[in-house]
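Data from start14.cif: mmCIF, C-alpha atoms
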```
data_target
loop_
_atom_site.label_atom_id
_atom_site.label_comp_id
_atom_site.auth_asym_id
_atom_site.auth_seq_id
_atom_site.Cartn_x
_atom_site.Cartn_y
_atom_site.Cartn_z
CA LEU A 50 -67.59 36.25 56.89
CA THR A 51 -65.99 33.09 55.48
CA GLY A 52 -67.76 30.37 57.42
CA ARG A 53 -70.52 29.68 59.90
CA GLY A 54 -70.60 26.62 62.10
CA ILE A 55 -73.87 25.80 63.79
CA SER A 56 -73.37 24.29 67.20
CA SER A 57 -75.91 23.15 69.77
CA ALA A 58 -75.83 24.45 73.33
CA LEU A 59 -77.80 23.94 76.52
CA HIS A 60 -77.99 26.65 79.18
CA PHE A 61 -77.88 24.76 82.47
CA SER A 62 -80.04 27.27 84.37
CA SER A 63 -82.97 26.55 82.06
CA MET A 64 -82.16 22.88 81.57
CA SER A 65 -85.02 20.53 81.02
CA ILE A 66 -84.44 17.18 79.42
CA ASN A 67 -87.00 16.11 76.85
CA LYS A 68 -89.48 13.60 78.40
CA LYS A 69 -88.70 10.93 75.79
CA ARG A 70 -84.95 11.31 76.46
CA GLN A 71 -85.51 11.29 80.23
CA LYS A 72 -87.51 8.05 79.89
CA GLY A 73 -84.66 6.63 77.79
CA PHE A 74 -82.19 7.64 80.51
CA LEU A 75 -84.21 5.83 83.18
CA THR A 76 -84.57 2.73 80.98
CA ALA A 77 -80.83 2.68 80.25
CA GLU A 78 -80.00 3.19 83.93
CA LYS A 79 -82.28 0.29 84.87
CA ASN A 80 -80.58 -1.85 82.21
CA GLY A 81 -77.16 -1.23 83.71
CA PHE A 82 -75.55 1.62 81.76
CA ARG A 83 -72.88 3.47 83.72
CA VAL A 84 -70.39 6.27 83.05
CA ASN A 85 -66.81 6.09 84.32
CA ARG A 86 -64.26 8.90 84.24
CA VAL A 87 -61.01 7.57 82.79
CA GLN A 88 -57.48 8.77 82.00
CA SER A 89 -57.02 7.44 78.45
CA SER A 90 -58.97 8.34 75.33
CA ARG A 91 -58.15 5.03 73.61
CA ASN A 92 -61.57 3.33 73.90
CA ILE A 93 -63.58 6.50 73.20
CA LEU A 94 -61.57 7.39 70.10
CA ALA A 95 -61.71 3.79 68.83
CA ILE A 96 -65.50 3.94 68.92
CA ALA A 97 -65.48 7.45 67.44
CA ALA A 98 -63.26 6.25 64.57
CA SER A 99 -65.56 3.32 63.85
CA VAL A 100 -68.79 5.36 63.95
CA LEU A 101 -67.37 8.33 62.01
CA GLU A 102 -65.96 6.04 59.32
CA SER A 103 -69.18 4.07 58.84
CA LYS A 104 -71.58 7.05 59.01
CA TYR A 105 -69.62 9.95 57.53
CA ASP A 106 -66.55 8.44 55.83
CA THR A 107 -64.28 10.54 58.04
CA LYS A 108 -61.93 10.18 61.02
CA PRO A 109 -61.60 11.82 64.43
CA VAL A 110 -59.62 15.06 64.38
CA HIS A 111 -57.33 13.82 67.16
CA THR A 112 -55.26 10.66 67.55
CA VAL A 113 -55.13 8.82 70.89
CA ASP A 114 -51.55 10.01 71.43
CA GLU A 115 -52.49 13.64 70.73
CA MET A 116 -55.54 13.56 72.99
CA ASP A 117 -53.77 11.80 75.84
CA ARG A 118 -50.85 14.24 75.58
CA LEU A 119 -53.29 17.18 75.68
CA LYS A 120 -55.02 15.63 78.69
CA GLY A 121 -51.64 15.28 80.38
CA HIS A 122 -50.93 18.98 79.89
CA PHE A 123 -54.44 20.07 80.94
CA PRO A 124 -55.73 17.41 83.37
CA ASP A 125 -58.40 19.66 84.90
CA LYS A 126 -59.54 21.02 81.54
CA ILE A 127 -60.07 17.77 79.62
CA HIS A 128 -62.36 15.10 81.06
CA LEU A 129 -62.76 11.65 79.55
CA HIS A 130 -65.91 9.63 80.24
CA GLU A 131 -66.56 6.08 79.03
CA LEU A 132 -70.08 4.70 78.67
CA ILE A 133 -70.11 1.15 80.06
CA TYR A 134 -72.73 -1.47 79.23
CA ARG A 135 -72.43 -5.14 80.11
CA LYS A 136 -68.82 -4.56 81.30
CA LYS A 137 -67.79 -3.13 77.92
CA CYS A 138 -67.05 0.40 76.72
CA VAL A 139 -69.77 1.22 74.16
CA GLY A 140 -69.27 4.96 73.88
CA GLY A 141 -68.05 8.00 75.67
CA ALA A 142 -67.30 11.67 75.74
CA ILE A 143 -64.22 13.83 75.58
CA LEU A 144 -65.08 17.13 77.20
CA PHE A 145 -63.11 20.37 77.16
CA ILE A 146 -63.86 22.28 80.34
CA SER A 147 -63.68 26.03 80.96
CA ARG A 148 -65.07 28.09 83.82
CA GLN A 149 -68.46 28.53 82.12
CA VAL A 150 -68.59 25.98 79.29
CA VAL A 151 -68.44 22.21 79.00
CA HIS A 152 -67.67 21.53 75.33
CA ALA A 153 -68.12 18.03 73.90
CA GLN A 154 -65.30 17.49 71.44
CA TYR A 155 -66.50 13.89 71.05
CA LEU A 156 -69.74 12.47 72.41
CA ILE A 157 -70.50 9.17 70.76
CA VAL A 158 -72.01 5.70 71.23
CA ASP A 159 -71.85 2.59 69.09
CA SER A 160 -74.95 1.34 67.26
CA ALA A 161 -75.84 -1.31 69.85
CA ALA A 162 -75.69 1.27 72.66
CA GLN A 163 -77.72 3.68 70.54
CA GLN A 164 -80.54 1.14 70.22
CA ALA A 165 -80.43 0.42 73.97
CA ARG A 166 -80.82 4.16 74.79
CA GLY A 167 -77.15 4.62 75.67
CA LEU A 168 -76.99 8.09 74.12
CA ASP A 169 -79.95 9.17 76.27
CA TYR A 170 -78.07 7.93 79.31
CA LEU A 171 -74.72 9.50 78.41
CA VAL A 172 -76.00 12.97 77.48
CA THR A 173 -78.40 13.19 80.43
CA HIS A 174 -75.79 11.91 82.90
CA LEU A 175 -73.21 14.43 81.69
CA ALA A 176 -75.68 17.32 81.71
CA LYS A 177 -76.70 16.53 85.28
CA SER A 178 -73.09 16.05 86.37
CA TYR A 179 -71.84 19.41 85.11
CA ALA A 180 -74.91 21.62 85.64
CA GLU A 181 -74.02 22.81 89.12
CA ASP A 182 -70.57 24.23 88.32
CA HIS A 183 -70.96 25.47 84.73
CA THR A 184 -73.27 27.69 82.69
CA TRP A 185 -73.33 26.04 79.24
CA PHE A 186 -73.06 22.59 77.71
CA ASP A 187 -71.88 22.87 74.09
CA TYR A 188 -72.64 19.71 72.11
CA GLY A 189 -70.54 20.80 69.11
CA ILE A 190 -71.17 21.68 65.50
CA SER A 191 -73.59 20.01 63.12
CA THR A 192 -72.17 21.56 59.98
CA GLU A 193 -69.68 20.24 57.47
CA SER A 194 -67.43 21.81 54.81
CA GLN A 195 -66.74 25.02 56.78
CA GLY A 196 -70.43 25.51 57.46
CA GLN A 197 -71.59 24.99 53.89
CA PHE A 198 -73.68 21.91 54.76
CA LEU A 199 -75.99 21.45 57.74
CA ASN A 200 -76.33 17.84 58.86
CA GLN A 201 -80.04 17.99 59.62
CA ALA A 202 -80.24 14.55 61.24
CA LEU A 203 -77.41 15.45 63.62
CA ILE A 204 -78.82 18.83 64.67
CA HIS A 205 -82.31 17.31 65.04
CA MET A 206 -80.90 14.66 67.40
CA LYS A 207 -79.19 17.36 69.51
CA GLU A 208 -82.37 19.44 69.57
CA SER A 209 -84.28 16.40 70.81
CA PHE A 210 -82.29 16.83 74.06
CA ASN A 211 -83.41 20.51 74.18
CA PHE A 212 -80.08 21.88 72.98
CA ARG A 213 -80.49 24.98 70.77
CA ALA A 214 -78.55 26.33 67.80
CA VAL A 215 -75.68 28.77 68.28
CA CYS A 216 -73.67 30.23 65.39
CA TYR A 217 -69.88 30.21 65.37
CA ASP A 218 -68.87 32.71 62.73
CA VAL A 219 -65.46 32.66 61.07
CA TYR A 220 -64.11 35.89 59.65
CA THR A 221 -61.06 36.36 57.47
CA LYS A 222 -59.19 39.63 57.35
CA GLU A 223 -56.35 40.24 55.00
CA LEU A 224 -53.41 41.81 56.80
CA VAL A 225 -51.29 44.15 54.76
#
```
Here is the file; what I need is its structure written in the form of structure tokens.
Amino acid sequence: LTGRGISSALHFSSMSINKKRQKGFLTAEKNGFRVNRVQSSRNILAIAASVLESKYDTKPVHTVDEMDRLKGHFPDKIHLHELIYRKKCVGGAILFISRQVVHAQYLIVDSAAQQARGLDYLVTHLAKSYAEDHTWFDYGISTESQGQFLNQALIHMKESFNFRAVCYDVYTKELV
């Protein structure tokens, strides 16, 4: 065992959104938040780059060109969703879709949207949208440095939506 990533997953059959998050969803919906499915990752990755740089001093794993090229090759397997507030993109999600799992490669909102309950709206909207046709919603890892560091604030936030920890183990085998 050379690494252990801790991800957060929600089983759709037992899905229940935390009451506080559900109230935030309803407030955000009333205030005009909407989610649009789009074809380009440009706006989502721009927000991801800004948030990741300011919070974690890091960058998205993918460039816009890489992500859009991947989407072009797998149009039914990669879904792009922008979070819109006051006619502006304030966040979004890049989801990798398989038969059973919806995996959030990026699921992010800017600080203004965060304060206005935009994350509550985005996560809840996506969970409700994909629940009928899929089994799991994987929110992604909360570990850094190949699993050596658990970002407790990040996993706590995911758990506040009733996602639960799942381990992704990495094994290394020397081939002779």
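Residue selection for this entry, given the PyMOL selection byres ((chain A and resi 70-83) around 9), comprises A:Ile66, A:Asn67, A:Lys68, A:Lys69, A:Val84, A:Asn85, A:Glu131, A:Leu132, A:Ile133, A:Tyr134, A:Arg135, A:Ala165, A:Arg166, A:Gly167, A:Leu168, A:Asp169, A:Tyr170, A:Leu171, A:Val172, A:Thr173, A:His174, A:Ser209, A:Phe210.
Our summary of the geometry notes that atom CA of A:Glu115 is positioned 13.3 Å from atom CA of A:Gln88.
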Inset, instruction - Please identify all polymer residues within 7 Å of stretch 158-161 of chain A, counting all atoms listed in the file, omitting same-chain residues fewer than 5 positions from it, and present them as a list in words. - result: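 Listing them by chain and then by number gives Ile96, Val100, Val139, Gly140, Gly141, Gly167 and Leu168 of chain A.
Excluding A:Tyr155 itself and any same-chain residue fewer than 2 positions from it, the protein and nucleic acid residues within 10 Å of it, counting only C-alpha atoms, are Ile93, Leu94, Ala97, Pro109, Val110, His111, Leu129, Gly140, Gly141, Ala142, Ile143, Leu144, Phe145, His152, Ala153, Ile157, Val158, Tyr188 and Gly189 of chain A.
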Legend entry - Evaluate the PyMOL selection byres ((chain A and resi 51) around 10) and report residues as a ChimeraX atom specification: /A:50,52-53,195-197,218-222
Let me see the file: selected residues, C-alpha atoms, as a short mmCIF file (atom, residue, chain, number, x, y, z; two decimals), keeping the file's coordinate frame.
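Resulting contents of selection.cif:
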```cif
data_model
loop_
_atom_site.label_atom_id
_atom_site.label_comp_id
_atom_site.auth_asym_id
_atom_site.auth_seq_id
_atom_site.Cartn_x
_atom_site.Cartn_y
_atom_site.Cartn_z
CA LEU A 50 -67.59 36.25 56.89
CA GLY A 52 -67.76 30.37 57.42
CA ARG A 53 -70.52 29.68 59.90
CA GLN A 195 -66.74 25.02 56.78
CA GLY A 196 -70.43 25.51 57.46
CA GLN A 197 -71.59 24.99 53.89
CA ASP A 218 -68.87 32.71 62.73
CA VAL A 219 -65.46 32.66 61.07
CA TYR A 220 -64.11 35.89 59.65
CA THR A 221 -61.06 36.36 57.47
CA LYS A 222 -59.19 39.63 57.35
#
```
Inset, instruction - Could you check which of A:Arg86, A:His205, A:His183, A:Lys177 is closest to A:Val151, using all atoms listed in the file? - result: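 Closest to A:Val151, using all atoms listed in the file: A:His183.
Counting from atom CA of A:Phe198, the distance to atom CA of A:Gln163 is 24.4 Å.
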Output requested as a short mmCIF file (atom, residue, chain, number, x, y, z; two decimals), in the frame of the given file - stretch 137-153 of chain A, filled out with N, CA, C and O atoms.
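Result file follows (out.cif):
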```cif
data_model
loop_
_atom_site.label_atom_id
_atom_site.label_comp_id
_atom_site.auth_asym_id
_atom_site.auth_seq_id
_atom_site.Cartn_x
_atom_site.Cartn_y
_atom_site.Cartn_z
N LYS A 137 -68.54 -3.50 79.13
CA LYS A 137 -67.79 -3.13 77.92
C LYS A 137 -67.99 -1.65 77.63
O LYS A 137 -69.09 -1.12 77.81
N CYS A 138 -66.93 -1.00 77.14
CA CYS A 138 -67.05 0.40 76.72
C CYS A 138 -67.80 0.43 75.39
O CYS A 138 -67.37 -0.18 74.40
N VAL A 139 -68.93 1.14 75.36
CA VAL A 139 -69.77 1.22 74.16
C VAL A 139 -69.93 2.65 73.66
O VAL A 139 -70.68 2.91 72.73
N GLY A 140 -69.20 3.56 74.28
CA GLY A 140 -69.27 4.96 73.88
C GLY A 140 -68.54 5.81 74.87
O GLY A 140 -67.85 5.32 75.76
N GLY A 141 -68.70 7.12 74.72
CA GLY A 141 -68.05 8.00 75.67
C GLY A 141 -68.05 9.44 75.22
O GLY A 141 -68.63 9.79 74.18
N ALA A 142 -67.38 10.24 76.01
CA ALA A 142 -67.30 11.67 75.74
C ALA A 142 -65.94 12.19 76.12
O ALA A 142 -65.37 11.79 77.14
N ILE A 143 -65.42 13.07 75.27
CA ILE A 143 -64.22 13.83 75.58
C ILE A 143 -64.68 15.27 75.69
O ILE A 143 -65.19 15.85 74.73
N LEU A 144 -64.56 15.80 76.89
CA LEU A 144 -65.08 17.13 77.20
C LEU A 144 -63.95 18.11 77.48
O LEU A 144 -63.03 17.79 78.24
N PHE A 145 -64.03 19.29 76.87
CA PHE A 145 -63.11 20.37 77.16
C PHE A 145 -63.84 21.30 78.13
O PHE A 145 -64.97 21.74 77.84
N ILE A 146 -63.21 21.59 79.25
CA ILE A 146 -63.86 22.28 80.34
C ILE A 146 -63.26 23.68 80.52
O ILE A 146 -62.04 23.83 80.62
N SER A 147 -64.11 24.69 80.56
CA SER A 147 -63.68 26.03 80.96
C SER A 147 -64.53 26.44 82.16
O SER A 147 -65.39 25.68 82.61
N ARG A 148 -64.33 27.64 82.64
CA ARG A 148 -65.07 28.09 83.82
C ARG A 148 -66.58 28.05 83.58
O ARG A 148 -67.34 27.62 84.44
N GLN A 149 -67.03 28.45 82.38
CA GLN A 149 -68.46 28.53 82.12
C GLN A 149 -68.99 27.43 81.20
O GLN A 149 -70.16 27.10 81.25
N VAL A 150 -68.12 26.87 80.36
CA VAL A 150 -68.59 25.98 79.29
C VAL A 150 -68.00 24.58 79.41
O VAL A 150 -66.80 24.42 79.64
N VAL A 151 -68.85 23.59 79.20
CA VAL A 151 -68.44 22.21 79.00
C VAL A 151 -68.67 21.94 77.52
O VAL A 151 -69.81 21.98 77.05
N HIS A 152 -67.58 21.74 76.78
CA HIS A 152 -67.67 21.53 75.33
C HIS A 152 -67.39 20.07 75.00
O HIS A 152 -66.33 19.55 75.35
N ALA A 153 -68.32 19.42 74.32
CA ALA A 153 -68.12 18.03 73.90
C ALA A 153 -67.35 18.03 72.58
O ALA A 153 -67.89 18.38 71.54
#
```
